[in-house]
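Asks: Just passing along the structure, written as structure tokens.
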Amino acid sequence: MSRSHIRVTEEGENPACPVSEVLDRVAGKWAIGILVAAAKGPVRFTELERGIKGISRRMLTLNLRRLEREGLLVRTVYPTVPPKVEYACTEMALELNETLLSLVDWAKRHSGDIARAHAVYDAEHADADAERVRPLMPSKA
């Protein structure tokens, strides 16, 4: 668990806690894209910025620092003018990349199934949602 949580018991801890802790750190909106891009080989900041749609420079910088702190990326600065900076995955990140690619593959294969499930659920619950909204609407008297 994160440090902000109070540990109630040491015995019989939830085995998912380490997974949740790791996912909190590496599975953010941008982190997966950064790790997948860096797994192909050293990558420069501007390549990441161009390759990850919608990410701002600030968000990219924050995520790169966090992933470096987590031991997933190595930042190398070359003494050139202007300075050249590259980011590369550590062995730990390359191992994680295999799992991420499996997750990406799963998501691609099942995205249609999930969309259909949403449509079925929404259709089945539309009446119940309408009933909950009706009492909130002002009545015309």
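Ordering of the structure tokens sets the chain letters (A, B, ...); residue numbers start at 1 within each chain; ligands are numbered from 1 in the order shown.
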Please extract the residues of stretch 33-115 of chain A with a backbone DSSP assignment of helix (DSSP H, G or I) and present them as a PyMOL selection string.
Replies: chain A and resi 33-38+45-51+57-69+91-115
Asks: Could you pull the residues within 10 Å of A:Ala37, counting only C-alpha atoms, minus those fewer than 5 positions along the same chain, as a ChimeraX atom specification?
Replies: /A:31-32,42-43,47-48,51-52,87-89,97
Asks: Please, which residues of stretch 10-107 of chain A, numbered as in this document, come out strand (DSSP E or B) from DSSP, as a list in words?
Replies: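 Strand (DSSP E or B) assignments inside stretch 10-107 of chain A correspond to Val43, Arg44, Leu73, Val74, Arg75, Thr76, Val77, Tyr78, Lys84, Val85, Glu86, Tyr87, Ala88 and Cys89 of chain A.
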Asks: With only C-alpha atoms as the atoms that count, which of A:Ile114, A:Val19, A:Leu35, A:Ala128 lies nearest to A:Glu91?
Replies: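 When distances to A:Glu91 are compared using only C-alpha atoms, the smallest one comes from A:Leu35.
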Asks: Please identify all polymer residues within 12 Å of stretch 102-111 of chain A, counting only C-alpha atoms, omitting same-chain residues fewer than 6 positions from it, and present them as a list in words.
Replies: Ala27, Ile32, Gly33, Val36, Glu95, Leu96, Ala117 and His118 of chain A
Asks: Nearest to A:Thr90 among A:Ala38, A:Val77, A:Ile55, A:Leu60, with distances taken over only C-alpha atoms: which residue is it?
Replies: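 For A:Thr90, the nearest of the given residues is A:Ala38.
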Asks: Given only C-alpha atoms as the basis, pick out the residue of A:Pro82, A:Ala39, A:Gly28, A:Glu21 nearest to A:Glu98.
Replies: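 When distances to A:Glu98 are compared using only C-alpha atoms, the smallest one comes from A:Ala39.
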Asks: For each of A:Met92, A:Phe45, A:Thr80, A:Ser56, take the minimum atom-to-atom distance to A:Trp30, counting only C-alpha atoms, then give the residue where this is smallest.
Replies: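 Counting only C-alpha atoms, the residue closest to A:Trp30 is A:Ser56.
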Asks: Select, from A:Arg65, A:Arg116, A:Thr76, A:Ala126, the residue with the minimum atom-to-atom distance to A:Val26, counting only C-alpha atoms.
Replies: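 Distance minimum relative to A:Val26 lands on A:Arg65.
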Asks: From the options A:Pro18, A:Ala119, A:Leu94, A:His125, which residue's atoms come nearest to A:Val74, counting only C-alpha atoms?
Replies: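 Of A:Pro18, A:Ala119, A:Leu94, A:His125, the one nearest A:Val74, counting only C-alpha atoms, is A:Leu94.
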Asks: Could you jot down the atom CA of A:Asp24 to atom CA of A:Arg58 separation for me, Å, one decimal place?
Replies: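 One can read the atom CA of A:Asp24 to atom CA of A:Arg58 distance as 19.6 Å.
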